[in-house]
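J.: Would you mind keeping the following structure in view while I ask a few things?
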Amino acid sequence: MQLRTDLAVEAREIAGEHISGVDFKTYSENGLEISRLTVKNQKAKQELGKEIGTYITIELPSLTDNFTETDDRLKTIGLEIRRLLPVHGLLLVVGLGNMEITPDSLGPKTSSRVLATRHITGEIAKATGLDKLRPVAVMQTGVTGQTGIETGEYILSVVKRIRPNAVVAIDALASRRLERLGCTLQIS
């Protein structure tokens with residue numbers, strides 16, 4: 001039986017560790033194990049089943065540990081995300097998944113905590129102190145069974161309309177290893 005995974009590091013484990021067109025390195029920072037996997041060409045894309053690009057996997061201690069805003073681990077995660085984003089311009093944050101199903105609710109629950117600022121401009125932004133923030137739009141797609149719309153179609157229509165400089169999609173991912181559940185992030 002083939003176990004399903006959404007994680008690039010696990011796709012590499014399945015395909016074999018030495019794949020032409022794949023760069024892979026691991027390092028530790030602030031108590032986090034970080035893997036950076038880059039799929040560089042079509043051959044590697046086919047072997048891994050992952051699109052060309054960079055996949056950063058961060059393995060944390062159990063998420064039952066308390067995190068605080070000043071926790072260096074959170075700063076490290078933020079830095080890894082920031083490295084993939086353009087410095088300026090509109091971000092679209094998309095919460096993928098079904099809010100009503102606990103294992104699929106990560107996207108909608110996380111995106112609901114993001115401050116949408118795209119609509120706050122001019123004097124209102126200055127008066128509220130939000131003029132220093134970049135414009136951010138937030139959406140929650142639900143799932144096809146709820147909306148009748150394929151998630152990709154929904155996102156693409158919004159992207160065509162508001163033309164963000166980057167899309168940050170938040171989703172729960174499948175892992176083939178139980179020990180990775182609830183304590184692994186993939187950023188790509």
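Each chain of the structure tokens is named A, B, ... in the order shown, its residues numbered from 1; ligands are numbered from 1 in display order.
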Would you list the contacts of A:Gly145 as a PyMOL selection string, taking every protein, DNA or RNA residue within 12 Å and counting only C-alpha atoms, but skipping same-chain residues closer than 6 positions in sequence?
T.: chain A and resi 97-98+100+151
J.: Report as number ranges by chain: the residues of chain A with a DSSP assignment of helix (DSSP H, G or I), based on the backbone of this structure.
T.: A: 8-15, 42-48, 72-84, 102-104, 106-111, 122-128, 144-147, 151-162, 178-180
J.: Can you pull out every residue within 12 Å of stretch 116-131 of chain A, counting only C-alpha atoms, but drop anything in the same chain fewer than 5 positions away, and send it as a list of chain:residue names?
T.: A:Gly89, A:Leu90, A:Leu91, A:Leu92, A:Val93, A:Val94, A:Ser111, A:Val136, A:Ala137, A:Val138, A:Met139, A:Ile162, A:Arg163, A:Pro164
J.: Give one line per residue of stretch 54-104 of chain A that approaches stretch 19-23 of chain A to at most 12 Å, naming the two atoms of the closest pair and their distance in Å to one decimal, counting only C-alpha atoms; sort by chain then ascending residue number and deliver it as JSON lines.
T.:
```
{"residue": "A:Thr54", "atom": "CA", "partner": "A:Asp23", "partner_atom": "CA", "distance": 9.1}
{"residue": "A:Tyr55", "atom": "CA", "partner": "A:Asp23", "partner_atom": "CA", "distance": 10.4}
{"residue": "A:Ile56", "atom": "CA", "partner": "A:Asp23", "partner_atom": "CA", "distance": 11.7}
```
J.: Using 12 Å as the limit and counting only C-alpha atoms, can you tabulate each residue of stretch 59-122 of chain A that touches stretch 172-185 of chain A, with its shortest atom-to-atom distance in Å and the two atoms involved, as JSON lines?
T.:
```
{"residue": "A:Glu59", "atom": "CA", "partner": "A:Thr184", "partner_atom": "CA", "distance": 4.6}
{"residue": "A:Leu60", "atom": "CA", "partner": "A:Cys183", "partner_atom": "CA", "distance": 5.2}
{"residue": "A:Pro61", "atom": "CA", "partner": "A:Cys183", "partner_atom": "CA", "distance": 6.4}
{"residue": "A:Ser62", "atom": "CA", "partner": "A:Cys183", "partner_atom": "CA", "distance": 5.5}
{"residue": "A:Leu63", "atom": "CA", "partner": "A:Cys183", "partner_atom": "CA", "distance": 5.7}
{"residue": "A:Thr64", "atom": "CA", "partner": "A:Gly182", "partner_atom": "CA", "distance": 8.9}
{"residue": "A:Asp65", "atom": "CA", "partner": "A:Cys183", "partner_atom": "CA", "distance": 10.3}
{"residue": "A:Leu74", "atom": "CA", "partner": "A:Leu185", "partner_atom": "CA", "distance": 11.8}
{"residue": "A:Ile77", "atom": "CA", "partner": "A:Leu185", "partner_atom": "CA", "distance": 9.0}
{"residue": "A:Gly78", "atom": "CA", "partner": "A:Leu185", "partner_atom": "CA", "distance": 11.7}
{"residue": "A:Glu80", "atom": "CA", "partner": "A:Leu185", "partner_atom": "CA", "distance": 10.9}
{"residue": "A:Ile81", "atom": "CA", "partner": "A:Leu185", "partner_atom": "CA", "distance": 10.7}
{"residue": "A:Gly95", "atom": "CA", "partner": "A:Ala172", "partner_atom": "CA", "distance": 9.7}
{"residue": "A:Leu96", "atom": "CA", "partner": "A:Ala172", "partner_atom": "CA", "distance": 7.9}
{"residue": "A:Gly97", "atom": "CA", "partner": "A:Ala172", "partner_atom": "CA", "distance": 7.5}
{"residue": "A:Asn98", "atom": "CA", "partner": "A:Ala172", "partner_atom": "CA", "distance": 10.0}
{"residue": "A:Met99", "atom": "CA", "partner": "A:Ala172", "partner_atom": "CA", "distance": 11.4}
{"residue": "A:Ile101", "atom": "CA", "partner": "A:Ala172", "partner_atom": "CA", "distance": 11.2}
{"residue": "A:Thr102", "atom": "CA", "partner": "A:Ala172", "partner_atom": "CA", "distance": 10.1}
{"residue": "A:Pro103", "atom": "CA", "partner": "A:Ala172", "partner_atom": "CA", "distance": 7.2}
{"residue": "A:Asp104", "atom": "CA", "partner": "A:Ala172", "partner_atom": "CA", "distance": 5.8}
{"residue": "A:Ser105", "atom": "CA", "partner": "A:Ala172", "partner_atom": "CA", "distance": 7.4}
{"residue": "A:Leu106", "atom": "CA", "partner": "A:Ala172", "partner_atom": "CA", "distance": 5.7}
{"residue": "A:Gly107", "atom": "CA", "partner": "A:Ala172", "partner_atom": "CA", "distance": 6.7}
{"residue": "A:Pro108", "atom": "CA", "partner": "A:Ala172", "partner_atom": "CA", "distance": 10.0}
{"residue": "A:Lys109", "atom": "CA", "partner": "A:Ala172", "partner_atom": "CA", "distance": 10.8}
{"residue": "A:Thr110", "atom": "CA", "partner": "A:Ala172", "partner_atom": "CA", "distance": 10.6}
```
